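Shown below: model.csv, with CSV, C-alpha atoms and all ligand atoms.
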```
chain,number,residue,atom,x,y,z
A,1,MET,CA,268.5,68.6,167.2
A,2,LEU,CA,266.8,71.8,168.4
A,3,PRO,CA,265.9,71.7,172.1
A,4,CYS,CA,262.1,71.4,172.5
A,5,ASP,CA,261.6,74.8,174.0
A,6,TYR,CA,262.6,76.5,170.8
A,7,ARG,CA,261.2,76.7,167.3
A,8,VAL,CA,262.1,78.4,164.1
A,9,ARG,CA,259.5,80.5,162.3
A,10,LEU,CA,259.2,83.6,160.1
A,11,MET,CA,259.7,87.1,161.6
A,12,GLN,CA,256.6,89.0,162.6
A,13,PRO,CA,256.2,92.8,163.4
A,14,ALA,CA,255.8,91.9,167.1
A,15,ASP,CA,259.5,90.7,167.0
A,16,TYR,CA,261.0,94.0,165.9
A,17,ALA,CA,261.7,95.6,169.3
A,18,ARG,CA,263.3,92.5,170.8
A,19,ILE,CA,265.5,91.9,167.7
A,20,GLY,CA,266.8,95.5,168.1
A,21,GLU,CA,267.7,94.8,171.7
A,22,ILE,CA,269.6,91.6,170.8
A,23,CYS,CA,271.4,93.4,168.1
A,24,ARG,CA,272.6,96.1,170.5
A,25,VAL,CA,274.2,93.4,172.7
A,26,VAL,CA,275.8,91.2,170.0
A,27,TYR,CA,277.0,94.1,167.9
A,28,PRO,CA,278.0,96.8,170.4
A,29,HIS,CA,280.0,98.7,167.8
A,30,ASP,CA,277.1,99.0,165.3
A,31,THR,CA,273.8,100.8,165.1
A,32,PRO,CA,271.0,98.2,165.8
A,33,TYR,CA,268.3,97.5,163.3
A,34,THR,CA,265.3,99.8,163.7
A,35,PRO,CA,261.7,98.6,163.5
A,36,ALA,CA,261.4,100.5,160.2
A,37,GLU,CA,264.4,98.7,158.7
A,38,LEU,CA,263.0,95.3,159.8
A,39,ALA,CA,259.6,96.2,158.4
A,40,GLU,CA,261.4,96.9,155.1
A,41,HIS,CA,263.1,93.5,155.1
A,42,HIS,CA,259.7,91.9,155.8
A,43,ALA,CA,258.1,93.9,153.0
A,44,VAL,CA,260.7,92.9,150.3
A,45,PHE,CA,261.2,89.2,151.1
A,46,PRO,CA,259.0,88.0,154.0
A,47,GLN,CA,259.8,84.3,153.5
A,48,GLY,CA,263.6,85.0,153.9
A,49,GLN,CA,263.4,86.5,157.4
A,50,PHE,CA,263.7,83.7,160.0
A,51,VAL,CA,263.4,83.9,163.8
A,52,ALA,CA,264.3,81.4,166.5
A,53,GLU,CA,261.6,81.7,169.2
A,54,HIS,CA,261.9,80.7,172.8
A,55,VAL,CA,258.5,79.0,173.1
A,56,PRO,CA,257.8,79.5,176.8
A,57,THR,CA,258.2,83.3,176.5
A,58,GLY,CA,257.2,83.6,172.8
A,59,GLU,CA,260.2,85.9,172.4
A,60,ALA,CA,262.5,86.1,169.4
A,61,VAL,CA,266.0,85.0,170.6
A,62,GLY,CA,267.8,84.7,167.3
A,63,VAL,CA,267.5,85.6,163.6
A,64,HIS,CA,268.7,84.8,160.1
A,65,PHE,CA,268.0,87.5,157.5
A,66,THR,CA,268.3,86.7,153.8
A,67,LEU,CA,267.6,88.3,150.4
A,68,ARG,CA,268.0,87.0,146.8
A,69,LEU,CA,270.8,88.4,144.7
A,70,ARG,CA,272.4,87.9,141.3
A,71,MET,CA,276.0,87.8,142.5
A,72,ALA,CA,277.3,88.5,139.0
A,73,ASP,CA,276.2,92.1,139.7
A,74,TYR,CA,278.7,92.3,142.6
A,75,HIS,CA,282.3,91.6,143.4
A,76,VAL,CA,283.3,88.8,145.9
A,77,ASP,CA,284.9,91.4,148.2
A,78,ASP,CA,282.0,93.9,148.2
A,79,SER,CA,281.0,95.1,151.7
A,80,TRP,CA,277.8,94.3,153.6
A,81,ASP,CA,276.6,97.8,152.9
A,82,VAL,CA,276.9,97.2,149.1
A,83,LEU,CA,275.4,93.7,149.2
A,84,THR,CA,272.4,94.7,151.2
A,85,ALA,CA,271.9,98.3,149.8
A,86,ARG,CA,273.0,99.8,153.1
A,87,GLY,CA,270.9,97.3,155.1
A,88,THR,CA,267.6,98.1,153.3
A,89,PHE,CA,267.5,94.9,151.2
A,90,GLY,CA,266.3,97.2,148.5
A,91,ASP,CA,268.5,95.3,146.1
A,92,HIS,CA,266.6,92.1,146.6
A,93,ASP,CA,266.1,90.5,143.2
A,94,PRO,CA,263.1,88.1,143.2
A,95,ASN,CA,264.8,86.1,140.3
A,96,GLY,CA,268.3,86.1,141.9
A,97,PRO,CA,269.7,82.6,141.9
A,98,THR,CA,271.7,83.2,145.2
A,99,LEU,CA,270.2,83.4,148.6
A,100,TYR,CA,272.4,85.9,150.4
A,101,GLY,CA,272.7,85.4,154.2
A,102,ALA,CA,272.8,89.1,155.4
A,103,ASP,CA,272.9,88.3,159.1
A,104,VAL,CA,272.6,85.6,161.7
A,105,PHE,CA,272.7,86.2,165.4
A,106,VAL,CA,271.6,84.7,168.6
A,107,SER,CA,271.0,86.3,172.0
A,108,PRO,CA,274.0,85.4,174.2
A,109,GLU,CA,272.0,83.6,176.9
A,110,HIS,CA,270.5,81.4,174.2
A,111,GLN,CA,273.8,80.6,172.3
A,112,HIS,CA,275.2,77.1,172.2
A,113,HIS,CA,271.8,75.5,172.0
A,114,GLY,CA,272.0,74.8,168.2
A,115,LEU,CA,269.9,77.8,167.3
A,116,ALA,CA,272.2,79.2,164.6
A,117,HIS,CA,272.4,75.7,163.2
A,118,ALA,CA,268.6,75.4,163.1
A,119,LEU,CA,268.3,78.9,161.6
A,120,THR,CA,270.8,77.9,158.9
A,121,ASP,CA,268.9,74.7,158.2
A,122,ALA,CA,265.8,76.8,157.7
A,123,THR,CA,267.6,79.1,155.1
A,124,ARG,CA,268.9,76.0,153.4
A,125,GLY,CA,265.3,74.7,153.2
A,126,LEU,CA,264.4,78.0,151.5
A,127,VAL,CA,267.2,77.5,148.9
A,128,VAL,CA,265.9,74.0,148.1
A,129,GLU,CA,262.2,75.1,148.1
A,130,GLU,CA,262.9,78.1,145.7
A,131,LEU,CA,265.2,75.9,143.5
A,132,LEU,CA,268.1,78.3,144.1
A,133,TRP,CA,271.7,77.6,143.1
A,134,ARG,CA,273.4,78.4,146.4
A,135,MET,CA,273.6,80.4,149.6
A,136,VAL,CA,276.4,82.9,150.1
A,137,GLY,CA,277.3,85.0,153.2
A,138,ALA,CA,280.4,86.4,155.0
A,139,SER,CA,281.5,85.1,158.4
A,140,ARG,CA,282.9,87.6,160.9
A,141,LEU,CA,286.2,86.4,162.4
A,142,PRO,CA,286.0,87.7,166.0
A,143,GLY,CA,289.0,85.6,167.0
A,144,TYR,CA,291.2,87.2,164.4
A,145,GLY,CA,291.6,90.7,165.9
A,146,ALA,CA,293.7,89.5,168.8
A,147,VAL,CA,296.3,87.9,166.4
A,148,ALA,CA,296.0,90.2,163.4
A,149,GLY,CA,299.4,91.8,164.0
A,150,ALA,CA,301.2,88.5,163.8
A,151,VAL,CA,299.1,86.2,161.5
A,152,PRO,CA,297.9,87.0,157.9
A,153,ALA,CA,294.2,86.6,157.5
A,154,ASP,CA,294.6,83.8,154.9
A,155,ASP,CA,296.7,81.7,157.4
A,156,TYR,CA,294.2,82.3,160.2
A,157,VAL,CA,291.2,81.2,158.1
A,158,ARG,CA,293.2,78.2,156.8
A,159,ALA,CA,294.0,77.2,160.4
A,160,VAL,CA,290.3,77.5,161.4
A,161,MET,CA,289.3,75.3,158.4
A,162,ALA,CA,291.9,72.7,159.4
A,163,GLY,CA,290.6,72.7,163.0
A,164,GLU,CA,294.0,74.0,164.3
A,165,ARG,CA,292.3,77.2,165.6
A,166,THR,CA,288.8,77.9,166.8
A,167,ASP,CA,287.0,81.1,165.8
A,168,PRO,CA,283.7,81.8,167.8
A,169,VAL,CA,281.8,82.5,164.6
A,170,LEU,CA,283.6,80.9,161.6
A,171,SER,CA,284.0,77.5,163.4
A,172,ALA,CA,280.2,77.5,164.1
A,173,HIS,CA,279.5,78.3,160.4
A,174,LEU,CA,281.8,75.5,159.2
A,175,LYS,CA,280.0,73.0,161.5
A,176,ASP,CA,276.7,74.3,160.0
A,177,GLY,CA,277.8,73.2,156.6
A,178,TRP,CA,279.2,76.4,155.0
A,179,SER,CA,282.5,76.3,153.1
A,180,VAL,CA,285.0,79.1,152.8
A,181,VAL,CA,285.5,80.9,149.5
A,182,ARG,CA,288.2,83.4,150.8
A,183,PRO,CA,288.9,86.0,153.4
A,184,ILE,CA,288.1,89.7,152.5
A,185,HIS,CA,288.9,93.0,154.3
A,186,GLY,CA,286.4,95.7,154.9
A,187,TYR,CA,283.2,93.7,154.8
A,188,LEU,CA,281.9,95.4,158.0
A,189,GLN,CA,283.1,98.9,158.8
A,190,HIS,CA,283.0,98.6,162.7
A,191,ASP,CA,284.3,95.1,163.6
A,192,PRO,CA,287.5,95.6,165.6
A,193,GLU,CA,287.2,92.0,167.0
A,194,SER,CA,287.7,90.8,163.5
A,195,ALA,CA,290.1,93.5,162.5
A,196,ASN,CA,287.5,94.3,159.9
A,197,TRP,CA,288.2,91.0,158.2
A,198,ALA,CA,285.5,88.4,157.2
A,199,ALA,CA,285.5,85.1,155.3
A,200,VAL,CA,283.1,84.8,152.3
A,201,ILE,CA,281.3,81.5,152.7
A,202,GLN,CA,278.9,79.5,150.6
A,203,TRP,CA,276.6,76.5,150.5
A,204,ILE,CA,275.8,75.0,147.1
A,205,ASN,CA,272.5,73.3,146.6
A,206,PRO,CA,273.3,69.8,145.3
A,207,ALA,CA,269.9,69.5,143.7
A,208,CYS,CA,270.1,72.6,141.6
A,209,PRO,CA,272.5,73.2,138.7
A,210,PRO,CA,274.0,76.6,138.1
A,211,PRO,CA,271.8,79.1,136.3
A,212,LEU,CA,271.9,78.9,132.4
A,213,GLU,CA,273.9,82.0,131.9
A,214,MET,CA,276.8,80.5,134.0
A,215,ALA,CA,277.1,77.4,131.7
A,216,LEU,CA,280.3,77.0,129.8
A,217,ARG,CA,279.8,77.1,126.0
B,1,LIG,C1,277.7,82.9,165.6
B,1,LIG,C2,276.4,82.7,166.4
B,1,LIG,C3,275.2,83.1,165.6
B,1,LIG,C4,276.3,81.2,166.8
B,1,LIG,O1,275.0,81.0,167.4
B,1,LIG,P1,274.7,79.7,168.3
B,1,LIG,O2,273.2,79.6,168.3
B,1,LIG,O3,275.4,79.7,169.6
B,1,LIG,O4,275.3,78.6,167.4
B,1,LIG,P2,275.0,77.0,167.6
B,1,LIG,O5,274.5,76.7,169.0
B,1,LIG,O6,274.3,76.5,166.4
B,1,LIG,O7,276.5,76.5,167.5
B,1,LIG,C5,277.5,77.1,168.4
B,1,LIG,C6,278.2,76.1,169.1
B,1,LIG,O8,277.4,75.4,170.1
B,1,LIG,C7,277.5,74.0,169.9
B,1,LIG,N1,276.2,73.5,170.3
B,1,LIG,C8,275.1,73.3,169.5
B,1,LIG,N2,274.1,72.7,170.2
B,1,LIG,C9,274.6,72.5,171.5
B,1,LIG,C10,274.1,72.0,172.6
B,1,LIG,N3,272.8,71.5,172.7
B,1,LIG,N4,274.8,72.0,173.8
B,1,LIG,C11,276.1,72.4,173.7
B,1,LIG,N5,276.7,73.0,172.6
B,1,LIG,C12,275.9,73.0,171.5
B,1,LIG,C13,277.8,73.8,168.5
B,1,LIG,O9,278.5,72.6,168.2
B,1,LIG,C14,278.8,75.0,168.3
B,1,LIG,O10,280.1,74.7,168.7
B,1,LIG,P3,281.4,75.5,168.2
B,1,LIG,O11,281.2,76.9,168.8
B,1,LIG,O12,282.5,74.7,168.8
B,1,LIG,O13,281.3,75.5,166.7
B,1,LIG,C15,276.4,83.5,167.8
B,1,LIG,O14,277.7,83.2,168.4
B,1,LIG,C16,276.3,85.0,167.6
B,1,LIG,O15,275.2,85.5,167.6
B,1,LIG,N6,277.4,85.7,167.6
B,1,LIG,C17,277.4,87.2,167.6
B,1,LIG,C18,276.8,87.7,166.3
B,1,LIG,C19,277.6,87.3,165.1
B,1,LIG,O16,278.8,87.5,165.0
B,1,LIG,N7,277.0,86.6,164.1
B,1,LIG,C20,277.6,86.1,162.9
B,1,LIG,C21,277.6,87.1,161.8
B,1,LIG,S1,278.6,86.5,160.5
```
Please re-express this file's structure in structure tokens.
Amino acid sequence: MLPCDYRVRLMQPADYARIGEICRVVYPHDTPYTPAELAEHHAVFPQGQFVAEHVPTGEAVGVHFTLRLRMADYHVDDSWDVLTARGTFGDHDPNGPTLYGADVFVSPEHQHHGLAHALTDATRGLVVEELLWRMVGASRLPGYGAVAGAVPADDYVRAVMAGERTDPVLSAHLKDGWSVVRPIHGYLQHDPESANWAAVIQWINPACPPPLEMALR
């Protein structure tokens, strides 16, 4: 499915500067990742930091960053800052049964080539490989800001799930196999396009039962 001039691999230190540049473009309202932050992610969980590479140039053009968490330690509507320890991934729990998708983005000139899909397949592969229960994340809703004054977030998300509306990010995530848990407010602090709303999303690993402590007794 991935065009032949791209491949997905793990992040390397040589990618840090380019990732910061992409971040500046796709998140103009946020501070881009610094090389020190990316080195921290790499240090805590190297096998969870994926890059889509444009093979002819060797450049990183997309990323998917993950960490392992025990979601019982958090609330479903916690913010990105809380779930990622302010972006440090310092809360990564090597025994956490949930792979948390902290970020996925693709450089605009390489979007619509299936890179986010391939990056998500790679993270799903990690869930299967590490025998994890599930993958959780939160989808921005960049189509919502324009209608937020007239449409409740619940209705907007329901309409995207039903295919009655298209959201530039949530629609792509749904095609990539994620399902919606529920919309939450305040996940990101500087996301006017989404009116600071997001949809919590998950993918359950069909091959792995819930952890023992979740079993009903
Ligand atoms: C969301 C995002 C990561 C998607 O990246 P992407 O690589 O373009 O995603 P994909 O190519 O896998 O899928 C996007 C669309 O391209 C389509 N597509 C995939 N391969 C294609 C191909 N070869 N030719 C044409 N279209 C294709 C997909 O069907 C999908 O369609 P949809 O938008 O109607 O759902 C990207 O838009 C992005 O970086 N956005 C800004 C940052 C952001 O908000 N990230 C999400 C944080 S929650």
Check which residues of chain A sit at most 6 Å from ligand LIG 1 (chain B) using only C-alpha atoms and all ligand atoms, and return one row each with the closest pair of atoms and their distance in Å to one decimal, ordered by chain and rising number, as a Markdown table.
```
| residue | atom | partner | partner_atom | distance |
| --- | --- | --- | --- | --- |
| A:Val26 | CA | B:LIG1 | C17 | 4.9 |
| A:Asp103 | CA | B:LIG1 | C21 | 5.6 |
| A:Val104 | CA | B:LIG1 | N7 | 5.1 |
| A:Phe105 | CA | B:LIG1 | O15 | 3.4 |
| A:Val106 | CA | B:LIG1 | O15 | 3.8 |
| A:Gln111 | CA | B:LIG1 | O3 | 3.3 |
| A:His112 | CA | B:LIG1 | O5 | 3.3 |
| A:His113 | CA | B:LIG1 | N2 | 4.0 |
| A:Gly114 | CA | B:LIG1 | O5 | 3.2 |
| A:Leu115 | CA | B:LIG1 | O2 | 3.9 |
| A:Ala116 | CA | B:LIG1 | O2 | 3.9 |
| A:His117 | CA | B:LIG1 | O6 | 3.8 |
| A:Ala138 | CA | B:LIG1 | S1 | 5.8 |
| A:Ser139 | CA | B:LIG1 | S1 | 3.8 |
| A:Arg140 | CA | B:LIG1 | S1 | 4.5 |
| A:Pro168 | CA | B:LIG1 | O11 | 5.6 |
| A:Val169 | CA | B:LIG1 | C1 | 4.2 |
| A:Ser171 | CA | B:LIG1 | O13 | 4.7 |
| A:Ala172 | CA | B:LIG1 | O13 | 3.5 |
| A:Lys175 | CA | B:LIG1 | O13 | 5.9 |
```
(request) In Å, rounded to a single decimal, give me how far atom CA of Asn95 of chain A is from atom CA of Phe45 of chain A. (result) 11.8 Å
Please enclose the listed atoms of segment 141-149 of chain A in an axis-aligned box, pad each side by 8 Å, and write out the centre and the three edge lengths in Å, rounded to one decimal, as JSON.
```
{"center_x": 292.7, "center_y": 88.7, "center_z": 165.6, "size_x": 29.4, "size_y": 22.2, "size_z": 22.4}
```
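Take the candidates A:Ala85, A:Ala14, A:Val136, A:Ala199 and check each one against Met161 of chain A using only C-alpha atoms; the shortest distance goes to A:Ala199.
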Counting only C-alpha atoms, find the residues whose atoms lie at most 9 Å from (273.6, 89.2, 140.7) (file coordinates) and write them out as a PDB file with C-alpha atoms, in the frame of the given file.
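Saved as part-v1.pdb:
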```pdb
ATOM      1  CA  ARG A  68     268.000  87.000 146.800  1.00  0.00           C
ATOM      2  CA  LEU A  69     270.800  88.400 144.700  1.00  0.00           C
ATOM      3  CA  ARG A  70     272.400  87.900 141.300  1.00  0.00           C
ATOM      4  CA  MET A  71     276.000  87.800 142.500  1.00  0.00           C
ATOM      5  CA  ALA A  72     277.300  88.500 139.000  1.00  0.00           C
ATOM      6  CA  ASP A  73     276.200  92.100 139.700  1.00  0.00           C
ATOM      7  CA  TYR A  74     278.700  92.300 142.600  1.00  0.00           C
ATOM      8  CA  ASP A  93     266.100  90.500 143.200  1.00  0.00           C
ATOM      9  CA  GLY A  96     268.300  86.100 141.900  1.00  0.00           C
ATOM     10  CA  PRO A  97     269.700  82.600 141.900  1.00  0.00           C
ATOM     11  CA  THR A  98     271.700  83.200 145.200  1.00  0.00           C
TER      12      THR A  98
END
```
(request) Quote the spacing between atom CA of Thr166 of chain A and atom CA of Glu53 of chain A in Å to one decimal place. (result) 27.6 Å
Could you list, with a cut-off of 12 Å and counting only C-alpha atoms, the residues of segment 187-208 of chain A near segment 75-79 of chain A, each shown with its nearest atom pair and the distance in Å rounded to one decimal, rows sorted by chain and ascending number, as JSON lines?
```
{"residue": "A:Tyr187", "atom": "CA", "partner": "A:Ser79", "partner_atom": "CA", "distance": 4.1}
{"residue": "A:Leu188", "atom": "CA", "partner": "A:Ser79", "partner_atom": "CA", "distance": 6.4}
{"residue": "A:Gln189", "atom": "CA", "partner": "A:Ser79", "partner_atom": "CA", "distance": 8.3}
{"residue": "A:His190", "atom": "CA", "partner": "A:Ser79", "partner_atom": "CA", "distance": 11.7}
{"residue": "A:Asn196", "atom": "CA", "partner": "A:Ser79", "partner_atom": "CA", "distance": 10.5}
{"residue": "A:Trp197", "atom": "CA", "partner": "A:Ser79", "partner_atom": "CA", "distance": 10.5}
{"residue": "A:Ala198", "atom": "CA", "partner": "A:Asp77", "partner_atom": "CA", "distance": 9.5}
{"residue": "A:Ala199", "atom": "CA", "partner": "A:Asp77", "partner_atom": "CA", "distance": 9.5}
{"residue": "A:Val200", "atom": "CA", "partner": "A:Val76", "partner_atom": "CA", "distance": 7.5}
{"residue": "A:Ile201", "atom": "CA", "partner": "A:Val76", "partner_atom": "CA", "distance": 10.2}
{"residue": "A:Gln202", "atom": "CA", "partner": "A:Val76", "partner_atom": "CA", "distance": 11.3}
```
(request) Find the spatial neighbours of segment 3-9 of chain A, counting all atoms listed in the file, within a cut-off of 8 Å - ignore same-chain residues fewer than 5 positions away - and output them as a PyMOL selection string. (result) chain A and resi 50-56+113-114+118-119+122
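Pairwise distance (atom CA of Arg134 of chain A, atom CA of Tyr100 of chain A) equals 8.6 Å.
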I want to know what sits within 8 Å of Tyr16 of chain A, based on only C-alpha atoms, with residues of the same chain fewer than 4 positions away left out; could you give that as a short mmCIF file (atom, residue, chain, number, x, y, z; two decimals) with C-alpha atoms, keeping the file's coordinate frame?
```cif
data_model
loop_
_atom_site.label_atom_id
_atom_site.label_comp_id
_atom_site.auth_asym_id
_atom_site.auth_seq_id
_atom_site.Cartn_x
_atom_site.Cartn_y
_atom_site.Cartn_z
CA GLN A 12 256.60 89.00 162.60
CA GLY A 20 266.80 95.50 168.10
CA THR A 34 265.30 99.80 163.70
CA PRO A 35 261.70 98.60 163.50
CA LEU A 38 263.00 95.30 159.80
CA ALA A 39 259.60 96.20 158.40
#
```
Got a sec: who's within 10 Å of Leu131 of chain A, counting all atoms listed in the file, leaving out chain neighbours fewer than 6 positions off, as a compact mmCIF listing (two decimals) with C-alpha atoms, in the coordinates of the input?
```txt
# COMPACT_ATOMS: atom_id res chain seq x y z
CA PRO A 97 269.70 82.60 141.90
CA THR A 98 271.70 83.20 145.20
CA GLY A 125 265.30 74.70 153.20
CA ASN A 205 272.50 73.30 146.60
CA ALA A 207 269.90 69.50 143.70
CA CYS A 208 270.10 72.60 141.60
CA PRO A 209 272.50 73.20 138.70
```
Shell of 10 Å around Gln47 of chain A, all atoms listed in the file, local chain residues under 2 positions omitted, as a PDB file with C-alpha atoms, keeping the file's coordinate frame:
```
ATOM      1  CA  ARG A   9     259.500  80.500 162.300  1.00  0.00           C
ATOM      2  CA  LEU A  10     259.200  83.600 160.100  1.00  0.00           C
ATOM      3  CA  MET A  11     259.700  87.100 161.600  1.00  0.00           C
ATOM      4  CA  HIS A  41     263.100  93.500 155.100  1.00  0.00           C
ATOM      5  CA  HIS A  42     259.700  91.900 155.800  1.00  0.00           C
ATOM      6  CA  ALA A  43     258.100  93.900 153.000  1.00  0.00           C
ATOM      7  CA  VAL A  44     260.700  92.900 150.300  1.00  0.00           C
ATOM      8  CA  PHE A  45     261.200  89.200 151.100  1.00  0.00           C
ATOM      9  CA  GLN A  49     263.400  86.500 157.400  1.00  0.00           C
ATOM     10  CA  PHE A  50     263.700  83.700 160.000  1.00  0.00           C
ATOM     11  CA  PHE A  65     268.000  87.500 157.500  1.00  0.00           C
ATOM     12  CA  THR A  66     268.300  86.700 153.800  1.00  0.00           C
ATOM     13  CA  LEU A  67     267.600  88.300 150.400  1.00  0.00           C
ATOM     14  CA  THR A 123     267.600  79.100 155.100  1.00  0.00           C
ATOM     15  CA  LEU A 126     264.400  78.000 151.500  1.00  0.00           C
TER      16      LEU A 126
END
```
Could you complete segment 143-167 of chain A so that it carries N, CA and C atoms, and give it back as a PDB file, in the frame of the given file?
```
ATOM      1  N   GLY A 143     287.761  86.033 166.391  1.00  0.00           N
ATOM      2  CA  GLY A 143     289.000  85.600 167.000  1.00  0.00           C
ATOM      3  C   GLY A 143     290.234  86.162 166.378  1.00  0.00           C
ATOM      4  N   TYR A 144     290.062  86.809 165.226  1.00  0.00           N
ATOM      5  CA  TYR A 144     291.200  87.200 164.400  1.00  0.00           C
ATOM      6  C   TYR A 144     291.871  88.513 164.957  1.00  0.00           C
ATOM      7  N   GLY A 145     291.054  89.443 165.461  1.00  0.00           N
ATOM      8  CA  GLY A 145     291.600  90.700 165.900  1.00  0.00           C
ATOM      9  C   GLY A 145     292.764  90.611 166.824  1.00  0.00           C
ATOM     10  N   ALA A 146     292.688  89.646 167.741  1.00  0.00           N
ATOM     11  CA  ALA A 146     293.700  89.500 168.800  1.00  0.00           C
ATOM     12  C   ALA A 146     295.066  89.045 168.187  1.00  0.00           C
ATOM     13  N   VAL A 147     295.047  88.431 167.004  1.00  0.00           N
ATOM     14  CA  VAL A 147     296.300  87.900 166.400  1.00  0.00           C
ATOM     15  C   VAL A 147     296.656  88.577 165.104  1.00  0.00           C
ATOM     16  N   ALA A 148     295.840  89.581 164.717  1.00  0.00           N
ATOM     17  CA  ALA A 148     296.000  90.200 163.400  1.00  0.00           C
ATOM     18  C   ALA A 148     297.373  90.732 163.125  1.00  0.00           C
ATOM     19  N   GLY A 149     298.040  91.226 164.187  1.00  0.00           N
ATOM     20  CA  GLY A 149     299.400  91.800 164.000  1.00  0.00           C
ATOM     21  C   GLY A 149     300.409  90.774 163.649  1.00  0.00           C
ATOM     22  N   ALA A 150     300.138  89.507 163.970  1.00  0.00           N
ATOM     23  CA  ALA A 150     301.200  88.500 163.800  1.00  0.00           C
ATOM     24  C   ALA A 150     300.805  87.444 162.711  1.00  0.00           C
ATOM     25  N   VAL A 151     299.529  87.309 162.419  1.00  0.00           N
ATOM     26  CA  VAL A 151     299.100  86.200 161.500  1.00  0.00           C
ATOM     27  C   VAL A 151     298.324  86.798 160.333  1.00  0.00           C
ATOM     28  N   PRO A 152     298.733  86.509 159.089  1.00  0.00           N
ATOM     29  CA  PRO A 152     297.900  87.000 157.900  1.00  0.00           C
ATOM     30  C   PRO A 152     296.545  86.313 157.967  1.00  0.00           C
ATOM     31  N   ALA A 153     295.549  87.060 157.484  1.00  0.00           N
ATOM     32  CA  ALA A 153     294.200  86.600 157.500  1.00  0.00           C
ATOM     33  C   ALA A 153     294.015  85.230 156.803  1.00  0.00           C
ATOM     34  N   ASP A 154     294.705  85.068 155.675  1.00  0.00           N
ATOM     35  CA  ASP A 154     294.600  83.800 154.900  1.00  0.00           C
ATOM     36  C   ASP A 154     295.048  82.623 155.809  1.00  0.00           C
ATOM     37  N   ASP A 155     296.161  82.815 156.556  1.00  0.00           N
ATOM     38  CA  ASP A 155     296.700  81.700 157.400  1.00  0.00           C
ATOM     39  C   ASP A 155     295.694  81.440 158.548  1.00  0.00           C
ATOM     40  N   TYR A 156     295.108  82.529 159.099  1.00  0.00           N
ATOM     41  CA  TYR A 156     294.200  82.300 160.200  1.00  0.00           C
ATOM     42  C   TYR A 156     292.955  81.511 159.722  1.00  0.00           C
ATOM     43  N   VAL A 157     292.414  81.894 158.571  1.00  0.00           N
ATOM     44  CA  VAL A 157     291.200  81.200 158.100  1.00  0.00           C
ATOM     45  C   VAL A 157     291.580  79.736 157.722  1.00  0.00           C
ATOM     46  N   ARG A 158     292.761  79.534 157.117  1.00  0.00           N
ATOM     47  CA  ARG A 158     293.200  78.200 156.800  1.00  0.00           C
ATOM     48  C   ARG A 158     293.282  77.319 158.073  1.00  0.00           C
ATOM     49  N   ALA A 159     293.822  77.939 159.156  1.00  0.00           N
ATOM     50  CA  ALA A 159     294.000  77.200 160.400  1.00  0.00           C
ATOM     51  C   ALA A 159     292.617  76.861 161.032  1.00  0.00           C
ATOM     52  N   VAL A 160     291.647  77.771 160.894  1.00  0.00           N
ATOM     53  CA  VAL A 160     290.300  77.500 161.400  1.00  0.00           C
ATOM     54  C   VAL A 160     289.675  76.338 160.599  1.00  0.00           C
ATOM     55  N   MET A 161     289.870  76.403 159.266  1.00  0.00           N
ATOM     56  CA  MET A 161     289.300  75.300 158.400  1.00  0.00           C
ATOM     57  C   MET A 161     289.927  73.989 158.739  1.00  0.00           C
ATOM     58  N   ALA A 162     291.220  74.010 159.100  1.00  0.00           N
ATOM     59  CA  ALA A 162     291.900  72.700 159.400  1.00  0.00           C
ATOM     60  C   ALA A 162     291.636  72.275 160.833  1.00  0.00           C
ATOM     61  N   GLY A 163     290.917  73.084 161.610  1.00  0.00           N
ATOM     62  CA  GLY A 163     290.600  72.700 163.000  1.00  0.00           C
ATOM     63  C   GLY A 163     291.794  72.965 163.946  1.00  0.00           C
ATOM     64  N   GLU A 164     292.817  73.730 163.452  1.00  0.00           N
ATOM     65  CA  GLU A 164     294.000  74.000 164.300  1.00  0.00           C
ATOM     66  C   GLU A 164     293.703  75.235 165.195  1.00  0.00           C
ATOM     67  N   ARG A 165     292.769  76.076 164.781  1.00  0.00           N
ATOM     68  CA  ARG A 165     292.300  77.200 165.600  1.00  0.00           C
ATOM     69  C   ARG A 165     290.797  77.146 165.643  1.00  0.00           C
ATOM     70  N   THR A 166     290.225  77.766 166.710  1.00  0.00           N
ATOM     71  CA  THR A 166     288.800  77.900 166.800  1.00  0.00           C
ATOM     72  C   THR A 166     288.407  79.347 166.753  1.00  0.00           C
ATOM     73  N   ASP A 167     287.491  79.691 165.878  1.00  0.00           N
ATOM     74  CA  ASP A 167     287.000  81.100 165.800  1.00  0.00           C
ATOM     75  C   ASP A 167     285.514  80.997 166.315  1.00  0.00           C
TER      76      ASP A 167
END
```
